[in-house]
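Report on one structure; see the data block that follows.
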Amino acid sequence: MTDRKPVDIVLPEVENPVFIEGYPGIGLVGHIAGNFLAKELGMEMIGYVESPFIPPMALILEGKPNPPLRFYGKDNLIVAVADVYVPPTLVNEIVRELVGYLKRTNAQKVVSMGGIGIGFRKEKMEVWGVGSRKELNEGLKEFGVKILQYGSIMGMSGRLLWEAGREGLSAYVLLGETFGDRPDPLAAANVIEVLKKLLGIELSTEPLVEEARAIEEQLRKMHEEMEKARRTAEKQYESIYL
Amino acid sequence: MTDRKPVDIVLPEVENPVFIEGYPGIGLVGHIAGNFLAKELGMEMIGYVESPFIPPMALILEGKPNPPLRFYGKDNLIVAVADVYVPPTLVNEIVRELVGYLKRTNAQKVVSMGGIGIGFRKEKMEVWGVGSRKELNEGLKEFGVKILQYGSIMGMSGRLLWEAGREGLSAYVLLGETFGDRPDPLAAANVIEVLKKLLGIELSTEPLVEEARAIEEQLRKMHEEMEKARRTAEKQYESIYL
Amino acid sequence: MTDRKPVDIVLPEVENPVFIEGYPGIGLVGHIAGNFLAKELGMEMIGYVESPFIPPMALILEGKPNPPLRFYGKDNLIVAVADVYVPPTLVNEIVRELVGYLKRTNAQKVVSMGGIGIGFRKEKMEVWGVGSRKELNEGLKEFGVKILQYGSIMGMSGRLLWEAGREGLSAYVLLGETFGDRPDPLAAANVIEVLKKLLGIELSTEPLVEEARAIEEQLRKMHEEMEKARRTAEKQYESIYL
Amino acid sequence: MTDRKPVDIVLPEVENPVFIEGYPGIGLVGHIAGNFLAKELGMEMIGYVESPFIPPMALILEGKPNPPLRFYGKDNLIVAVADVYVPPTLVNEIVRELVGYLKRTNAQKVVSMGGIGIGFRKEKMEVWGVGSRKELNEGLKEFGVKILQYGSIMGMSGRLLWEAGREGLSAYVLLGETFGDRPDPLAAANVIEVLKKLLGIELSTEPLVEEARAIEEQLRKMHEEMEKARRTAEKQYESIYL
Amino acid sequence: MTDRKPVDIVLPEVENPVFIEGYPGIGLVGHIAGNFLAKELGMEMIGYVESPFIPPMALILEGKPNPPLRFYGKDNLIVAVADVYVPPTLVNEIVRELVGYLKRTNAQKVVSMGGIGIGFRKEKMEVWGVGSRKELNEGLKEFGVKILQYGSIMGMSGRLLWEAGREGLSAYVLLGETFGDRPDPLAAANVIEVLKKLLGIELSTEPLVEEARAIEEQLRKMHEEMEKARRTAEKQYESIYL
């Protein structure tokens, strides 16, 4: 466990890539967005992260085994997704290797997607963002992104923003507002709407909106059932004791 | 504890081996199936895993000491069994060394056996499976195996499937449905029935079916005794208080 | 995670620097003072500490990402601040690298700023200090600093004082008295007043005094509200039960 | 803590040694038997295990310091005893070094002594055993040892049996039946009686039998006192409340 | 944290040193005795233990920073003191380096000072001791030391006794009897009285006896106050309820 590098990035050399990261975090916003992008854009798995410190597992997708930390690719677009929680020290090692790759291949853009927990709901859930250089924020503003002036960004997204920026790459973090207590496809859709403008790509986020509606409908029914059950119980109680 | 490799696979070079893994997991399905195969096919212990991170112990079998992680062999068949829980990082290192061996010896097939907990009982408990390449699934279907389209396979089986497949080997995971709360020889028998077709080997799983019947009979008697005791207690209660 | 140095100090070679450390500690005195200095003196971020053992994160300040352990610089002044807790072994490694840098660049002065918890309040909160050589204490006394004759200084400040002193550098620790239960801008102001004399620099600590007043005012109001609520509750109680 | 070997066996090269291990375990059977052998046979301390991972301590015996893991020797007999619990990874390293030594010196026999907890008492407490090769079991049977056909032997004894056997050495484990809740000199005596036959050595185990009687007598008295106290308390209770 | 030695002993080469160790332990006996010796004999700090695994801190003494594990020296006398608890593995590494130094410089005597908890008080608290060779015990007896025939000596003192003795050095452990529940300057004085004879040095332990009296007086007053308070409370209780 000692002589080898703790982390290996197995990934073909894509020239001038656009790199998008969607590791799990609050509301699973990045995770949902990353997997949605890979599927809707018809991307193929082209690489993975290899490390003895990643839990042993295979993720079966469409009847085929996949490693838990993997990269999808199409043309010069790369999307990174993860199906397991990645511990802090491993995040640092992955970012280190990744940024080496992105610098070597002269990446155009590096975008981290995630959520920002706000603990309440409102009509229009916003997308917050910040770039690795101040001039990048101007571009984000034009796409309706609220600029994060002060705050801390933890994990993969924070470290990638800082290290990619340090190497002169154009890096962004996009954080969709989310209540924070459940997987939130709507927040993922909001982030992807910004991404579409930022990268000039086309795809419909309608399926995510549908998924969000389905989740809400399911929760609404659950509440209704519980309410009905409560009333029935109350009536029984009354008929017996009053 | 630093300069040596964390794991050594001590195993003679078997040409074009068929490798079968049966490490402990839910319902002990893989463990039971692996040991049953080794015994019924009259296999000999031919190797073992050596590591300072495996708990110190010897397993005594038929009055002879054995290492806790060992390989049985006969002709070109190799079965891997374990008598201790293997921690995640060690699993990764073992798979790494194993896949090196299997590639070097040009393995024909790599099969992991295990259980899949379903939490209920039904007339016909199925066997689920997945291969390292999509075309392998077609073969499995013909043997009555239900193909796992989505899901995660943890531990030795998952990692071996992915890494062996990555190296171009034909790898399979076979998971017998099991309730999940006790050792399940019947699930092991179901997995072995598939294995017989997949490898074209002959052996009767009747002893496992017998063992399963014995376990159920024992549990049935235990329940009966408890029921009888409950009724006696009830009658005593009635005769005293009512 | 093994072959590289555990800590790298990324910092341009400033000749004869004056080095000031303000890592987090009791009352956040050093942290507040360090950030205040950097801002009020119009310093730029000029370096950072790089380590796989620092938690992955970016601190966003004025819409720009920053690493959690960083250095601000202007002319020959360097201020070190941290936004995360730094574990003991990492402190030792950072000090080791830092002192190598400070010796190589022939540092004029090395000053650690922090708090000393006294658990009560008094008219005039003092600043305690100690130098790496006895003659340095004489200078501190002239600036109204009480000399710490006996006691232990934990963490970054203690280690830096000892190691810098060992290498023949002129090192100081300045500790502002603080109650110890809340962030204390006033204690930070007291420390900076000494620092101004020690380094011969000019800046007003009035903003810190203002901030302290604002915190106290806020706490006073909170107490008043609570007192009012208590009295209302008492009256209600009386009107009901008496 | 990194460049050196984790464990060093400091032991003179004894040709064709008979090696006996008595590390602590259930009923302290091996520990008691090992120390008894060393004392009764008038053996001298001739070596020890050196490791930075052994707790720092000296054991004072007859006014002289001793290391906690040490070897006693006389002629070609070596006895290994330990006064501290040895963690699993260290056991593996010690066995590795020991077996290297025993192979190099062409050991005649390697015998581990220990206990086997049975949780009840019976007229004749047996000694169980197993050899590293099946033919060794025949010899044990002739000495009245019950052969362990199935089971697991944890710790030093299990690992040593397996590794010594793997290297072609004649290794044995002897386990004296013991209740399992207290130090058991009688079980140690039973093990030594077998050892006398196996090695053809002479010594009386009467002192161990005496020690066992003394322990039992002490426990019996303690019980009697407690019983008397209970009766007195009962009488007082009766005289007051009835 | 990997390539360097875990521990460095920074200490000038003193020829034929007499080495005295006073690390913290029960009753702080060794700690008190070590610091008292250094102060009363007018010794200077001449060295220290350097390690990334020692907690970061500076101890301020007479207005000067000191490292937590340090050596005082005068002529050929060296006293080792510590202000922090030293974890077991670090103790082993320090002893290893120290014994290398002591052998190289051909140390005359190596003396560890500590306490032995007896849990009661008696007229004359004894000093127990043991040497690394049996003939050394004869010398100790002449100074009124009770020889420790059986027992274990944990930590720095035990390891140093064994390792120094192994290298042929004349090593001693002196343990002053102490109740064990508080710092005990009297036990330290008792140990130093033996040390004076053993090393042929002159100093008065009267200050330690004074310190002990002061501690006892303080405790006596505290008890008196508590007793008085108890009686007052009792009287109030009586006047109210009886």
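Residues are referred to by chain and number: the chain letter is A, B, ... according to the order shown in the structure tokens, the number counts from 1 in that chain, and ligands are numbered separately from 1 in the order shown.
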**Request:** Report the residues of range 18-195 of chain C whose backbone DSSP state falls under strand (DSSP E or B), written as a ChimeraX atom specification.
**Result:** /C:18-22,44-50,57-61,64-66,69-74,77-82,109-117,127-131,146-147,151-154,171-178
**Message:** Contacts from chain E to chain D, 7 Å maximum, only C-alpha atoms: show me the residue list as a list in words.
**Reply:** Thr2, Pro6, Pro88, Thr89, Val91, Asn92, Glu93, Val130, Gly131, Ser132, Arg133, Lys134, Ile147, Leu148, Gln149, Tyr150, Gly151, Ser152, Ile153, Met154, Gly155, Met156, Gly158, Arg159 and Trp162 of chain E
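All residues of protein, DNA or RNA that reach within 10 Å of Ala82 in chain C, judged by only C-alpha atoms and not counting those fewer than 4 positions away in the chain, are Glu21, Gly22, Tyr23, Pro24, Gly30, His31, Gly34, Asn35, Tyr48, Val49, Pro67, Pro68, Leu69, Arg70, Phe71 and Val86 of chain C.
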**Asked** Where does DSSP see helix (DSSP H, G or I) in range 114-191 of chain C, if you list the residues as a PyMOL selection string?
**Response** chain C and resi 134-142+155-166+185-191
Export N, CA and C atoms of the chosen residues as an mmCIF file, in the first residue's frame?
data_model
loop_
_atom_site.group_PDB
_atom_site.id
_atom_site.type_symbol
_atom_site.label_atom_id
_atom_site.label_comp_id
_atom_site.auth_asym_id
_atom_site.auth_seq_id
_atom_site.Cartn_x
_atom_site.Cartn_y
_atom_site.Cartn_z
ATOM 1 N N LYS C 134 15.890 36.911 26.176
ATOM 2 C CA LYS C 134 15.491 37.736 27.310
ATOM 3 C C LYS C 134 15.547 39.230 26.990
ATOM 4 N N GLU C 135 16.549 39.662 26.177
ATOM 5 C CA GLU C 135 16.665 41.102 25.883
ATOM 6 C C GLU C 135 15.457 41.618 25.096
ATOM 7 N N LEU C 136 14.799 40.715 24.351
ATOM 8 C CA LEU C 136 13.613 41.149 23.601
ATOM 9 C C LEU C 136 12.481 41.539 24.548
ATOM 10 N N ASN C 137 12.441 40.906 25.712
ATOM 11 C CA ASN C 137 11.399 41.238 26.686
ATOM 12 C C ASN C 137 11.497 42.689 27.136
ATOM 13 N N GLU C 138 12.747 43.201 27.230
ATOM 14 C CA GLU C 138 12.932 44.599 27.653
ATOM 15 C C GLU C 138 12.193 45.536 26.720
ATOM 16 N N GLY C 139 12.353 45.279 25.416
ATOM 17 C CA GLY C 139 11.651 46.097 24.425
ATOM 18 C C GLY C 139 10.147 46.026 24.618
ATOM 19 N N LEU C 140 9.634 44.813 24.826
ATOM 20 C CA LEU C 140 8.184 44.651 24.998
ATOM 21 C C LEU C 140 7.669 45.440 26.195
ATOM 22 N N LYS C 141 8.427 45.400 27.304
ATOM 23 C CA LYS C 141 8.020 46.114 28.519
ATOM 24 C C LYS C 141 7.797 47.590 28.240
ATOM 25 N N GLU C 142 8.703 48.169 27.427
ATOM 26 C CA GLU C 142 8.592 49.599 27.110
ATOM 27 C C GLU C 142 7.293 49.929 26.390
ATOM 28 N N GLY C 155 0.300 25.242 20.498
ATOM 29 C CA GLY C 155 0.009 25.380 19.075
ATOM 30 C C GLY C 155 1.067 26.126 18.295
ATOM 31 N N MET C 156 0.612 26.682 17.175
ATOM 32 C CA MET C 156 1.450 27.390 16.221
ATOM 33 C C MET C 156 2.345 28.424 16.910
ATOM 34 N N SER C 157 1.758 29.256 17.777
ATOM 35 C CA SER C 157 2.503 30.354 18.389
ATOM 36 C C SER C 157 3.658 29.826 19.239
ATOM 37 N N GLY C 158 3.380 28.799 20.049
ATOM 38 C CA GLY C 158 4.414 28.250 20.924
ATOM 39 C C GLY C 158 5.548 27.615 20.139
ATOM 40 N N ARG C 159 5.178 26.808 19.174
ATOM 41 C CA ARG C 159 6.198 26.111 18.392
ATOM 42 C C ARG C 159 7.046 27.091 17.573
ATOM 43 N N LEU C 160 6.376 28.099 16.996
ATOM 44 C CA LEU C 160 7.076 29.069 16.161
ATOM 45 C C LEU C 160 8.052 29.885 17.012
ATOM 46 N N LEU C 161 7.603 30.287 18.209
ATOM 47 C CA LEU C 161 8.467 31.042 19.121
ATOM 48 C C LEU C 161 9.736 30.256 19.412
ATOM 49 N N TRP C 162 9.555 28.982 19.750
ATOM 50 C CA TRP C 162 10.697 28.167 20.134
ATOM 51 C C TRP C 162 11.626 27.896 18.948
ATOM 52 N N GLU C 163 11.063 27.500 17.824
ATOM 53 C CA GLU C 163 11.909 27.103 16.697
ATOM 54 C C GLU C 163 12.582 28.305 16.031
ATOM 55 N N ALA C 164 11.835 29.408 15.914
ATOM 56 C CA ALA C 164 12.443 30.601 15.324
ATOM 57 C C ALA C 164 13.560 31.108 16.234
ATOM 58 N N GLY C 165 13.280 31.092 17.547
ATOM 59 C CA GLY C 165 14.293 31.533 18.510
ATOM 60 C C GLY C 165 15.536 30.656 18.459
ATOM 61 N N ARG C 166 15.326 29.363 18.325
ATOM 62 C CA ARG C 166 16.436 28.414 18.260
ATOM 63 C C ARG C 166 17.364 28.712 17.097
ATOM 64 N N PRO C 185 -12.878 41.237 19.271
ATOM 65 C CA PRO C 185 -12.148 42.215 18.446
ATOM 66 C C PRO C 185 -11.358 43.208 19.305
ATOM 67 N N LEU C 186 -11.809 43.456 20.543
ATOM 68 C CA LEU C 186 -11.135 44.410 21.405
ATOM 69 C C LEU C 186 -9.754 43.867 21.811
ATOM 70 N N ALA C 187 -9.703 42.582 22.132
ATOM 71 C CA ALA C 187 -8.413 41.967 22.465
ATOM 72 C C ALA C 187 -7.494 42.030 21.244
ATOM 73 N N ALA C 188 -8.078 41.821 20.037
ATOM 74 C CA ALA C 188 -7.287 41.917 18.814
ATOM 75 C C ALA C 188 -6.748 43.341 18.648
ATOM 76 N N ALA C 189 -7.598 44.337 18.958
ATOM 77 C CA ALA C 189 -7.166 45.733 18.869
ATOM 78 C C ALA C 189 -6.009 45.998 19.830
ATOM 79 N N ASN C 190 -6.130 45.475 21.052
ATOM 80 C CA ASN C 190 -5.061 45.664 22.040
ATOM 81 C C ASN C 190 -3.735 45.092 21.545
ATOM 82 N N VAL C 191 -3.802 43.896 20.935
ATOM 83 C CA VAL C 191 -2.592 43.272 20.416
ATOM 84 C C VAL C 191 -2.003 44.119 19.286
#
**Length of the CA of Ile20 in chain C to CA of Lys103 in chain C vector [Å]** =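 Those two atoms sit 14.6 Å apart.
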**Request:** Quote the spacing between CA of Lys146 in chain A and CA of Ser112 in chain A in Å to one decimal place.
**Result:** 15.5 Å
